[in-house]
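**Student:** One structure coming up, written as structure tokens, with questions to follow.
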Number of protein chains: 2
Amino acid sequence: MNRDRQTKKTTIYDLAALAGTSASAVSAVLSGNWKKRRISSQLADKITRLAEEQGYAVNMQASLLRREKSKIIGMIVPKYDNRYFGSIVETFENMARERGLFPIITCTRRDPALEIEAARTMLSYQVEWLIATGATDPDRITDICAASGVKSLNLDLPGSRAPSVISDNFAGAKELTRRILANSERRLGQASPLLFIGGRGSDHNTAERVRGFRTAHAEVGVAVDESHILACGYAPEKAENALDALASREKHLPQGMFVNSTISLEGVMRWIRRSGHYDGRPPVMGCFDWDPFAALLGDNIEMVRQDVPGMLNAIFDIIDQGLSQTSLIEIPPVFMGS
Amino acid sequence: MNRDRQTKKTTIYDLAALAGTSASAVSAVLSGNWKKRRISSQLADKITRLAEEQGYAVNMQASLLRREKSKIIGMIVPKYDNRYFGSIVETFENMARERGLFPIITCTRRDPALEIEAARTMLSYQVEWLIATGATDPDRITDICAASGVKSLNLDLPGSRAPSVISDNFAGAKELTRRILANSERRLGQASPLLFIGGRGSDHNTAERVRGFRTAHAEVGVAVDESHILACGYAPEKAENALDALASREKHLPQGMFVNSTISLEGVMRWIRRSGHYDGRPPVMGCFDWDPFAALLGDNIEMVRQDVPGMLNAIFDIIDQGLSQTSLIEIPPVFMGS
DNA sequence: CAAGGCAGCTCAATCGATGTAGCAAAAATT
DNA sequence: AATTTTTGCTACATCGATTGAGCTGCCTTG
């Protein structure tokens, strides 16, 4: 009825009453399979028109309860404060919608407890797949999902019990380091060992990047200074603090830096401006991640861009094919400019 | 049963069978009101233990179908590619969760059709509130929601039929313009009229910012050049194209710029580097929006930061109080630095 | 003219959780 | 001992959409 449009929602029973037909017919028409169910096109038209008039919207809760598949796909993501994750989320939403899936995203702020809670909540909403992006404990999430028969995937950081799609951190870091060292040599006459800053020593990506960093140094015969590998965490302040500590214990700061994320770069740049340590002779820099403004900061900063469309194509290839055996897919990052 | 954990999900009926009790008891225990329903604590413990063992998770679809309130809150947002919207989304999620609400967010890429579709989908999922952020046609969304008895709010861009929370664009733009003009005078000896670039001429925020821009010029007695108000859209390329066109028709480019968003700033900065038009005498700039790296680009760029926590506090004040009469709440933006 | 076929519907069970109403047994009260 | 109260539970209807199994006429066909 029109008078309680404000308070109650229109259901198929309301429409059935208005059309003088049964709820089954309404359902058949509105779910699009009225041909199969042999509803006349007159009745179909009538019902469709009424539904439009009444502003009818299916009750997904009821619909999904009855159906076998929810067509809901979940993603958990650490933060929305950088281009990398922003782009992952946006691409994910688009690709999910293209496939008729409904994406649900939750930001867990790198909080392990929140990750678990978010995963459980998503299971309650009957997600068919859960993508754990940059999770601190991906295997835990895989286990929780597996216990409910839900398939899960890891993105950005790998796990050992579900397929994982990540950047080729080793190759990317090696090439990035090679470039920074080359720039350093060009600018300063000789290649000196770089500082590595940012990330977590315990995470796979940071470990792989440090390995690439070492390999690149070794290849040009430069010795890495072990005390200059600062996996201090991701927050900008952590990078600032690490640099403060470094500056207070060493006279000569490294002439070049490998920064492990744009978030760390934020702290590094702030520190460089604030401390004045590099005034006049800015360090040669590189960043494992891309940001449009950071890219404009100067011509001495080299950036790798992780291939987000490539990574999500790999994710949806797995989903489209329904695979779920453990595997590690490494997507080469892209080098900007030269 | 354990053997089909992989395939089927545990329900309260499974748990009831395992515990040798009824589904009602299981439901009462797991929904936390077993005291009210006078279930013994022995049985409660037993059921809780079993639920844990079996990795039970409520079926929200079933639960919500039965309940009267869904506790789901929806938000549509244009993009995830800048700090402003990223911060809105992250803050929104946190504040929703604090209140026991489940946030669903959809990115509509400034596509009017997608906005409508997303709104309808959210209604299907029984959202209790829908926040339309930066929507191209907020009133349309309000109407769709109203037809289903769902309350809606506008954020960032105002509508006329639902409460709206936006930045104080006029005051913010006026102060920003004042600062750019002052910097311009300090640097160049005299205040010359600024270029306004970015945004949509048709949207409320751009119109208000242009008004603030004009007022600030008038207050220092500088005449605005009407052909230098370029509301060319939000995408970076649009700003680049607008500047190309401007440069091709004018010999002297403005010495200062008011850029209407970080996204436009991206295009502007790229153009400045690429075109070489400002080499040696960089323009005095200001941007209505904040980005940490853009802030480091040089000391000649003034930024206003929209007060995201303030705006979302206003949004949730309305939600907490259940208000829904139309109103326009303007939150003053924050000036960084000096 | 009976039998079969088919178009165009409706009935009723079902999905899983919730909550009201009610029932049997134990405990407390008179 | 008889009654009332309390405890601890179960039965069942319900939410809205879906779908397999009918059911009723009308039209063919032999």
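Labeling convention for the structure tokens: chains A, B, ... as they appear, residues from 1 per chain, ligands from 1 in order of appearance.
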Please return the superposed copy of chain A as a CSV table (one decimal) with C-alpha atoms, in the first residue's frame; the fit should be least squares onto chain B across all sequentially paired Cα atoms.
**Tutor:**
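Printed below is out.csv as written:
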```
chain,number,residue,atom,x,y,z
A,1,MET,CA,29.2,-33.6,11.3
A,2,ASN,CA,32.9,-33.3,10.9
A,3,ARG,CA,33.2,-35.0,7.6
A,4,ASP,CA,31.2,-32.4,5.7
A,5,ARG,CA,32.7,-29.4,7.3
A,6,GLN,CA,34.3,-28.7,3.9
A,7,THR,CA,31.1,-28.7,2.0
A,8,LYS,CA,28.3,-27.5,4.3
A,9,LYS,CA,28.2,-24.9,7.0
A,10,THR,CA,27.3,-25.7,10.6
A,11,THR,CA,23.8,-24.4,11.6
A,12,ILE,CA,22.2,-24.1,14.9
A,13,TYR,CA,20.3,-27.3,14.1
A,14,ASP,CA,23.6,-29.2,13.8
A,15,LEU,CA,24.7,-27.8,17.1
A,16,ALA,CA,21.4,-28.6,18.6
A,17,ALA,CA,21.7,-32.2,17.5
A,18,LEU,CA,25.2,-32.5,18.8
A,19,ALA,CA,24.2,-31.0,22.1
A,20,GLY,CA,21.0,-33.0,22.4
A,21,THR,CA,19.0,-29.9,22.7
A,22,SER,CA,16.8,-27.6,20.6
A,23,ALA,CA,17.7,-25.0,18.1
A,24,SER,CA,15.9,-22.4,20.2
A,25,ALA,CA,18.3,-23.0,23.0
A,26,VAL,CA,21.3,-22.8,20.8
A,27,SER,CA,20.1,-19.6,19.3
A,28,ALA,CA,19.4,-18.1,22.7
A,29,VAL,CA,22.9,-19.1,23.9
A,30,LEU,CA,24.7,-17.9,20.9
A,31,SER,CA,22.9,-14.6,20.6
A,32,GLY,CA,23.8,-13.8,24.1
A,33,ASN,CA,20.3,-13.6,25.7
A,34,TRP,CA,20.3,-17.0,27.4
A,35,LYS,CA,19.8,-15.4,30.8
A,36,LYS,CA,16.6,-13.8,29.7
A,37,ARG,CA,15.5,-17.1,28.2
A,38,ARG,CA,16.4,-19.0,31.3
A,39,ILE,CA,18.9,-21.5,29.8
A,40,SER,CA,21.2,-23.1,32.5
A,41,SER,CA,24.8,-22.1,32.4
A,42,GLN,CA,25.8,-25.7,32.0
A,43,LEU,CA,23.9,-26.0,28.8
A,44,ALA,CA,25.1,-22.5,27.7
A,45,ASP,CA,28.7,-23.6,28.3
A,46,LYS,CA,28.2,-26.8,26.4
A,47,ILE,CA,26.7,-25.1,23.4
A,48,THR,CA,29.3,-22.4,23.4
A,49,ARG,CA,32.1,-25.0,23.4
A,50,LEU,CA,30.5,-27.0,20.6
A,51,ALA,CA,30.0,-23.9,18.5
A,52,GLU,CA,33.7,-23.0,18.9
A,53,GLU,CA,34.8,-26.5,18.1
A,54,GLN,CA,32.7,-26.6,15.0
A,55,GLY,CA,33.8,-23.2,13.9
A,56,TYR,CA,30.2,-22.0,13.8
A,57,ALA,CA,29.4,-18.6,12.4
A,58,VAL,CA,25.8,-17.2,12.3
A,59,ASN,CA,24.2,-17.0,9.0
A,60,MET,CA,23.6,-13.3,8.8
A,61,GLN,CA,21.2,-13.7,5.9
A,62,ALA,CA,18.9,-15.8,8.1
A,63,SER,CA,19.5,-13.7,11.2
A,64,LEU,CA,18.8,-10.4,9.4
A,65,LEU,CA,15.7,-11.8,7.7
A,66,ARG,CA,14.1,-12.5,11.0
A,67,ARG,CA,15.3,-9.3,12.9
A,68,GLU,CA,13.8,-6.0,12.3
A,69,LYS,CA,17.1,-4.0,12.1
A,70,SER,CA,19.9,-4.9,9.8
A,71,LYS,CA,22.6,-2.8,11.5
A,72,ILE,CA,24.1,-2.4,8.0
A,73,ILE,CA,25.2,1.1,6.9
A,74,GLY,CA,26.1,1.9,3.3
A,75,MET,CA,28.4,4.5,1.8
A,76,ILE,CA,29.0,5.4,-1.8
A,77,VAL,CA,32.2,7.2,-2.6
A,78,PRO,CA,33.5,8.5,-5.9
A,79,LYS,CA,37.1,7.3,-5.9
A,80,TYR,CA,39.8,5.8,-3.6
A,81,ASP,CA,42.7,7.6,-5.3
A,82,ASN,CA,43.3,10.5,-2.9
A,83,ARG,CA,43.8,11.1,0.8
A,84,TYR,CA,40.5,12.8,1.3
A,85,PHE,CA,38.3,10.0,0.2
A,86,GLY,CA,40.6,7.4,1.6
A,87,SER,CA,40.4,9.0,5.0
A,88,ILE,CA,36.7,9.4,4.8
A,89,VAL,CA,36.2,5.7,4.1
A,90,GLU,CA,38.6,4.6,6.8
A,91,THR,CA,37.1,6.9,9.4
A,92,PHE,CA,33.6,5.9,8.4
A,93,GLU,CA,34.4,2.2,8.8
A,94,ASN,CA,35.9,2.8,12.2
A,95,MET,CA,33.1,4.9,13.5
A,96,ALA,CA,30.5,2.5,12.1
A,97,ARG,CA,32.1,-0.5,13.8
A,98,GLU,CA,32.4,1.3,17.1
A,99,ARG,CA,28.6,1.6,17.0
A,100,GLY,CA,28.1,-2.1,16.1
A,101,LEU,CA,27.1,-1.2,12.6
A,102,PHE,CA,28.4,-3.1,9.6
A,103,PRO,CA,29.7,-0.8,6.9
A,104,ILE,CA,29.4,-1.5,3.2
A,105,ILE,CA,31.2,0.8,0.8
A,106,THR,CA,31.0,1.1,-2.9
A,107,CYS,CA,33.1,3.2,-5.2
A,108,THR,CA,31.1,4.7,-8.1
A,109,ARG,CA,33.9,6.4,-10.1
A,110,ARG,CA,31.8,9.6,-10.4
A,111,ASP,CA,29.5,7.6,-12.7
A,112,PRO,CA,25.9,8.8,-12.2
A,113,ALA,CA,24.4,5.5,-13.4
A,114,LEU,CA,26.6,3.5,-11.2
A,115,GLU,CA,25.7,5.6,-8.2
A,116,ILE,CA,22.0,4.8,-8.7
A,117,GLU,CA,22.7,1.1,-9.2
A,118,ALA,CA,24.9,1.0,-6.2
A,119,ALA,CA,22.2,2.7,-4.1
A,120,ARG,CA,19.6,0.2,-5.2
A,121,THR,CA,21.9,-2.7,-4.5
A,122,MET,CA,22.5,-1.3,-1.0
A,123,LEU,CA,18.7,-1.1,-0.4
A,124,SER,CA,18.5,-4.7,-1.4
A,125,TYR,CA,21.0,-5.5,1.3
A,126,GLN,CA,18.7,-3.7,3.8
A,127,VAL,CA,21.0,-0.9,4.8
A,128,GLU,CA,19.5,1.2,7.5
A,129,TRP,CA,21.3,4.4,6.4
A,130,LEU,CA,23.0,5.4,3.1
A,131,ILE,CA,25.7,8.0,3.0
A,132,ALA,CA,26.1,9.5,-0.4
A,133,THR,CA,29.6,10.9,-0.6
A,134,GLY,CA,30.4,13.4,-3.4
A,135,ALA,CA,27.4,12.1,-5.4
A,136,THR,CA,26.6,13.7,-8.7
A,137,ASP,CA,22.9,13.6,-8.1
A,138,PRO,CA,22.3,13.3,-4.3
A,139,ASP,CA,18.6,14.1,-4.4
A,140,ARG,CA,18.0,11.2,-6.7
A,141,ILE,CA,19.6,8.9,-4.2
A,142,THR,CA,17.6,10.5,-1.4
A,143,ASP,CA,14.4,9.8,-3.3
A,144,ILE,CA,15.3,6.2,-4.0
A,145,CYS,CA,16.1,5.6,-0.4
A,146,ALA,CA,13.0,7.5,0.8
A,147,ALA,CA,10.8,5.2,-1.4
A,148,SER,CA,12.1,2.3,0.7
A,149,GLY,CA,11.9,4.1,4.0
A,150,VAL,CA,15.7,4.2,4.3
A,151,LYS,CA,17.3,7.3,5.7
A,152,SER,CA,20.1,8.9,3.7
A,153,LEU,CA,22.7,11.6,4.3
A,154,ASN,CA,24.9,13.6,1.9
A,155,LEU,CA,28.6,14.0,2.6
A,156,ASP,CA,31.0,16.3,0.8
A,157,LEU,CA,28.5,17.5,-1.8
A,158,PRO,CA,25.1,18.7,-0.5
A,159,GLY,CA,21.6,17.7,-1.6
A,160,SER,CA,18.3,19.5,-1.0
A,161,ARG,CA,16.3,16.6,0.4
A,162,ALA,CA,18.5,15.0,3.1
A,163,PRO,CA,20.8,16.4,5.7
A,164,SER,CA,24.2,17.3,4.2
A,165,VAL,CA,27.6,17.6,5.9
A,166,ILE,CA,30.1,19.4,3.8
A,167,SER,CA,33.2,21.5,4.2
A,168,ASP,CA,32.8,25.2,4.6
A,169,ASN,CA,33.9,25.7,1.0
A,170,PHE,CA,33.3,29.4,0.9
A,171,ALA,CA,35.3,30.3,4.0
A,172,GLY,CA,38.0,27.8,3.2
A,173,ALA,CA,38.4,29.0,-0.4
A,174,LYS,CA,38.4,32.6,0.7
A,175,GLU,CA,41.1,32.0,3.3
A,176,LEU,CA,43.1,29.9,0.9
A,177,THR,CA,42.9,32.6,-1.8
A,178,ARG,CA,43.9,35.2,0.7
A,179,ARG,CA,47.0,33.2,1.6
A,180,ILE,CA,48.0,32.6,-2.0
A,181,LEU,CA,47.6,36.3,-2.8
A,182,ALA,CA,49.6,37.2,0.3
A,183,ASN,CA,52.4,34.8,-0.7
A,184,SER,CA,52.2,36.1,-4.2
A,185,GLU,CA,52.6,39.7,-3.0
A,186,ARG,CA,55.5,38.7,-0.7
A,187,ARG,CA,57.2,36.9,-3.6
A,188,LEU,CA,56.5,39.1,-6.5
A,189,GLY,CA,56.1,42.4,-4.9
A,190,GLN,CA,52.5,42.7,-5.9
A,191,ALA,CA,49.3,40.6,-5.8
A,192,SER,CA,48.2,39.6,-9.2
A,193,PRO,CA,44.9,37.8,-10.0
A,194,LEU,CA,45.1,34.0,-9.6
A,195,LEU,CA,44.0,31.2,-11.9
A,196,PHE,CA,41.3,28.9,-10.6
A,197,ILE,CA,41.5,25.4,-11.9
A,198,GLY,CA,39.7,22.1,-11.4
A,199,GLY,CA,36.3,20.9,-10.3
A,200,ARG,CA,32.9,21.1,-12.0
A,201,GLY,CA,31.2,24.4,-12.6
A,202,SER,CA,27.9,22.7,-11.9
A,203,ASP,CA,28.7,21.4,-8.4
A,204,HIS,CA,28.0,23.2,-5.2
A,205,ASN,CA,31.5,23.0,-3.8
A,206,THR,CA,33.2,24.4,-6.9
A,207,ALA,CA,30.6,27.2,-7.1
A,208,GLU,CA,31.2,28.1,-3.4
A,209,ARG,CA,34.9,27.9,-3.8
A,210,VAL,CA,34.8,30.2,-6.8
A,211,ARG,CA,32.7,32.6,-4.7
A,212,GLY,CA,35.3,32.5,-1.9
A,213,PHE,CA,38.0,33.0,-4.5
A,214,ARG,CA,36.3,36.1,-5.9
A,215,THR,CA,35.5,37.5,-2.5
A,216,ALA,CA,39.2,37.2,-1.4
A,217,HIS,CA,40.3,38.9,-4.6
A,218,ALA,CA,37.8,41.7,-4.0
A,219,GLU,CA,38.9,42.2,-0.5
A,220,VAL,CA,42.4,43.0,-1.6
A,221,GLY,CA,41.2,45.0,-4.5
A,222,VAL,CA,42.4,42.7,-7.3
A,223,ALA,CA,40.2,42.1,-10.3
A,224,VAL,CA,39.5,38.5,-11.2
A,225,ASP,CA,40.1,37.5,-14.8
A,226,GLU,CA,37.0,35.6,-15.8
A,227,SER,CA,38.8,33.7,-18.5
A,228,HIS,CA,41.1,32.3,-15.8
A,229,ILE,CA,38.3,30.4,-14.0
A,230,LEU,CA,38.7,26.9,-15.3
A,231,ALA,CA,36.3,24.4,-13.8
A,232,CYS,CA,37.5,21.8,-16.2
A,233,GLY,CA,36.6,18.6,-14.2
A,234,TYR,CA,38.4,16.5,-11.7
A,235,ALA,CA,40.6,14.2,-13.7
A,236,PRO,CA,44.3,15.2,-13.9
A,237,GLU,CA,44.3,15.1,-17.7
A,238,LYS,CA,41.4,17.6,-17.8
A,239,ALA,CA,43.6,20.1,-15.9
A,240,GLU,CA,46.5,19.4,-18.3
A,241,ASN,CA,44.3,20.0,-21.3
A,242,ALA,CA,42.8,23.2,-19.8
A,243,LEU,CA,46.3,24.5,-19.2
A,244,ASP,CA,47.4,23.6,-22.7
A,245,ALA,CA,44.5,25.5,-24.1
A,246,LEU,CA,45.2,28.5,-21.9
A,247,ALA,CA,48.8,28.6,-22.8
A,248,SER,CA,48.1,28.4,-26.5
A,249,ARG,CA,45.7,31.4,-26.3
A,250,GLU,CA,47.6,33.6,-23.8
A,251,LYS,CA,51.1,35.0,-23.8
A,252,HIS,CA,51.3,35.7,-20.0
A,253,LEU,CA,50.2,33.0,-17.7
A,254,PRO,CA,48.9,33.8,-14.2
A,255,GLN,CA,51.6,34.0,-11.5
A,256,GLY,CA,49.5,32.1,-9.0
A,257,MET,CA,47.0,29.3,-8.9
A,258,PHE,CA,44.1,28.0,-6.8
A,259,VAL,CA,43.8,24.3,-7.6
A,260,ASN,CA,40.5,22.8,-6.7
A,261,SER,CA,41.6,19.3,-5.6
A,262,THR,CA,44.7,17.1,-5.2
A,263,ILE,CA,43.6,15.2,-8.3
A,264,SER,CA,43.6,18.3,-10.4
A,265,LEU,CA,46.9,19.3,-8.7
A,266,GLU,CA,48.4,16.1,-10.1
A,267,GLY,CA,47.6,17.3,-13.6
A,268,VAL,CA,48.7,20.8,-12.9
A,269,MET,CA,52.1,19.7,-11.5
A,270,ARG,CA,52.6,17.3,-14.4
A,271,TRP,CA,51.8,20.1,-16.9
A,272,ILE,CA,54.1,22.6,-15.2
A,273,ARG,CA,57.0,20.1,-15.4
A,274,ARG,CA,56.2,19.0,-18.9
A,275,SER,CA,55.4,22.3,-20.6
A,276,GLY,CA,58.3,24.2,-19.1
A,277,HIS,CA,56.1,27.3,-19.1
A,278,TYR,CA,57.0,28.2,-15.5
A,279,ASP,CA,60.6,27.2,-15.6
A,280,GLY,CA,62.6,29.5,-13.4
A,281,ARG,CA,59.6,31.3,-11.9
A,282,PRO,CA,57.3,28.7,-10.4
A,283,PRO,CA,53.8,29.9,-9.7
A,284,VAL,CA,52.5,30.6,-6.2
A,285,MET,CA,50.0,27.9,-5.5
A,286,GLY,CA,47.3,26.7,-3.3
A,287,CYS,CA,45.3,23.6,-3.2
A,288,PHE,CA,41.9,22.9,-1.8
A,289,ASP,CA,42.7,19.5,-0.3
A,290,TRP,CA,45.7,18.0,1.3
A,291,ASP,CA,48.3,15.4,0.3
A,292,PRO,CA,51.4,14.7,2.3
A,293,PHE,CA,53.7,14.5,-0.7
A,294,ALA,CA,52.2,17.5,-2.4
A,295,ALA,CA,52.8,19.3,0.8
A,296,LEU,CA,56.5,18.6,0.4
A,297,LEU,CA,56.7,19.7,-3.2
A,298,GLY,CA,58.0,23.2,-2.4
A,299,ASP,CA,57.4,25.9,0.1
A,300,ASN,CA,55.2,27.9,-2.3
A,301,ILE,CA,52.2,25.6,-2.0
A,302,GLU,CA,49.5,26.4,0.5
A,303,MET,CA,47.0,23.6,1.4
A,304,VAL,CA,43.7,23.4,3.1
A,305,ARG,CA,42.9,20.1,4.8
A,306,GLN,CA,39.2,19.2,5.0
A,307,ASP,CA,38.3,18.2,8.5
A,308,VAL,CA,37.3,14.5,7.9
A,309,PRO,CA,36.9,13.5,11.5
A,310,GLY,CA,34.8,16.6,12.1
A,311,MET,CA,32.6,15.8,9.1
A,312,LEU,CA,32.1,12.2,10.1
A,313,ASN,CA,31.4,13.2,13.7
A,314,ALA,CA,28.6,15.4,12.3
A,315,ILE,CA,27.4,12.5,10.2
A,316,PHE,CA,27.3,10.1,13.1
A,317,ASP,CA,25.7,12.7,15.4
A,318,ILE,CA,22.8,12.7,13.0
A,319,ILE,CA,22.7,8.9,12.8
A,320,ASP,CA,23.0,8.5,16.6
A,321,GLN,CA,20.1,10.8,17.1
A,322,GLY,CA,18.1,9.4,14.2
A,323,LEU,CA,17.4,12.9,12.8
A,324,SER,CA,16.5,13.3,9.2
A,325,GLN,CA,15.2,16.7,8.5
A,326,THR,CA,17.1,18.5,5.8
A,327,SER,CA,19.9,20.6,7.0
A,328,LEU,CA,23.3,21.9,5.8
A,329,ILE,CA,26.2,21.5,8.1
A,330,GLU,CA,29.4,23.2,7.1
A,331,ILE,CA,32.6,22.1,8.7
A,332,PRO,CA,35.5,24.5,8.6
A,333,PRO,CA,38.5,23.1,6.9
A,334,VAL,CA,41.9,23.2,8.6
A,335,PHE,CA,44.9,25.2,7.5
A,336,MET,CA,48.2,23.5,7.8
A,337,GLY,CA,51.5,25.1,8.8
A,338,SER,CA,51.6,28.7,9.8
```
**Student:** Let's see if you can do this: from backbone DSSP, list all alpha helix (DSSP H) residues in stretch 28-254 of chain B, as an MDAnalysis selection string.
**Tutor:** chainID B and resid 28:30 41:53 60:66 83:98 112:124 138:147 169:188 204:219 236:249
**Student:** Show me, as a list of chain:residue names, the residues of chain D whose atoms get within 8 Å of chain A, using only C-alpha atoms (C1' of nucleotides) for the distance check.
**Tutor:**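 Every residue of chain D that passes the 8 Å test is in D:DC15, D:DG16, D:DA17, D:DT18.
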**Student:** Select all residues from chain C having any atom no more than 9 Å from an atom of chain A (counting only C-alpha atoms (C1' of nucleotides), ignoring ligands), output as a CSV table (one decimal) with N, CA and C atoms (P, O5', C5', C4', C3', O3' and C1' of nucleotides), in the first residue's frame.
**Tutor:**
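Printed below is selection_31.csv as written:
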```csv
chain,number,residue,atom,x,y,z
C,7,DA,P,3.9,-24.9,-24.1
C,7,DA,O5',3.1,-23.5,-24.0
C,7,DA,C5',1.8,-23.4,-24.7
C,7,DA,C4',0.8,-22.7,-23.8
C,7,DA,C3',1.4,-21.6,-23.0
C,7,DA,O3',0.5,-20.5,-23.0
C,7,DA,C1',0.4,-23.1,-21.5
C,8,DG,P,0.9,-19.1,-22.3
C,8,DG,O5',0.4,-19.4,-20.8
C,8,DG,C5',-1.0,-19.2,-20.5
C,8,DG,C4',-1.2,-19.4,-19.1
C,8,DG,C3',-0.2,-18.5,-18.2
C,8,DG,O3',-1.0,-17.8,-17.2
C,8,DG,C1',-0.2,-20.7,-17.4
C,9,DC,P,-0.5,-16.4,-16.6
C,9,DC,O5',-0.1,-16.5,-15.2
C,9,DC,C5',0.2,-17.4,-14.2
C,9,DC,C4',-0.8,-18.3,-13.7
C,9,DC,C3',-0.6,-18.5,-12.2
C,9,DC,O3',-1.5,-17.7,-11.5
C,9,DC,C1',-0.6,-20.6,-13.3
C,10,DT,P,-1.2,-17.3,-9.9
C,10,DT,O5',-1.4,-18.7,-9.1
C,10,DT,C5',-2.7,-19.3,-9.1
C,10,DT,C4',-2.6,-20.5,-8.2
C,10,DT,C3',-2.2,-20.2,-6.8
C,10,DT,O3',-2.9,-21.0,-5.9
C,10,DT,C1',-0.7,-21.8,-7.7
C,14,DT,P,10.4,-29.5,3.6
C,14,DT,O5',11.5,-28.4,3.4
C,14,DT,C5',12.1,-28.2,2.1
C,14,DT,C4',12.8,-26.9,2.0
C,14,DT,C3',13.6,-26.5,3.3
C,14,DT,O3',15.0,-26.7,3.0
C,14,DT,C1',12.5,-24.7,2.3
C,15,DC,P,16.0,-27.0,4.2
C,15,DC,O5',16.8,-25.6,4.2
C,15,DC,C5',17.5,-25.2,3.0
C,15,DC,C4',17.8,-23.7,3.1
C,15,DC,C3',18.3,-23.3,4.5
C,15,DC,O3',19.7,-23.3,4.6
C,15,DC,C1',16.7,-21.8,3.7
C,16,DG,P,20.4,-24.1,5.8
C,16,DG,O5',20.2,-23.0,7.0
C,16,DG,C5',21.0,-21.8,6.9
C,16,DG,C4',20.6,-20.9,8.0
C,16,DG,C3',20.8,-21.5,9.4
C,16,DG,O3',21.5,-20.5,10.2
C,16,DG,C1',18.6,-20.6,9.2
```
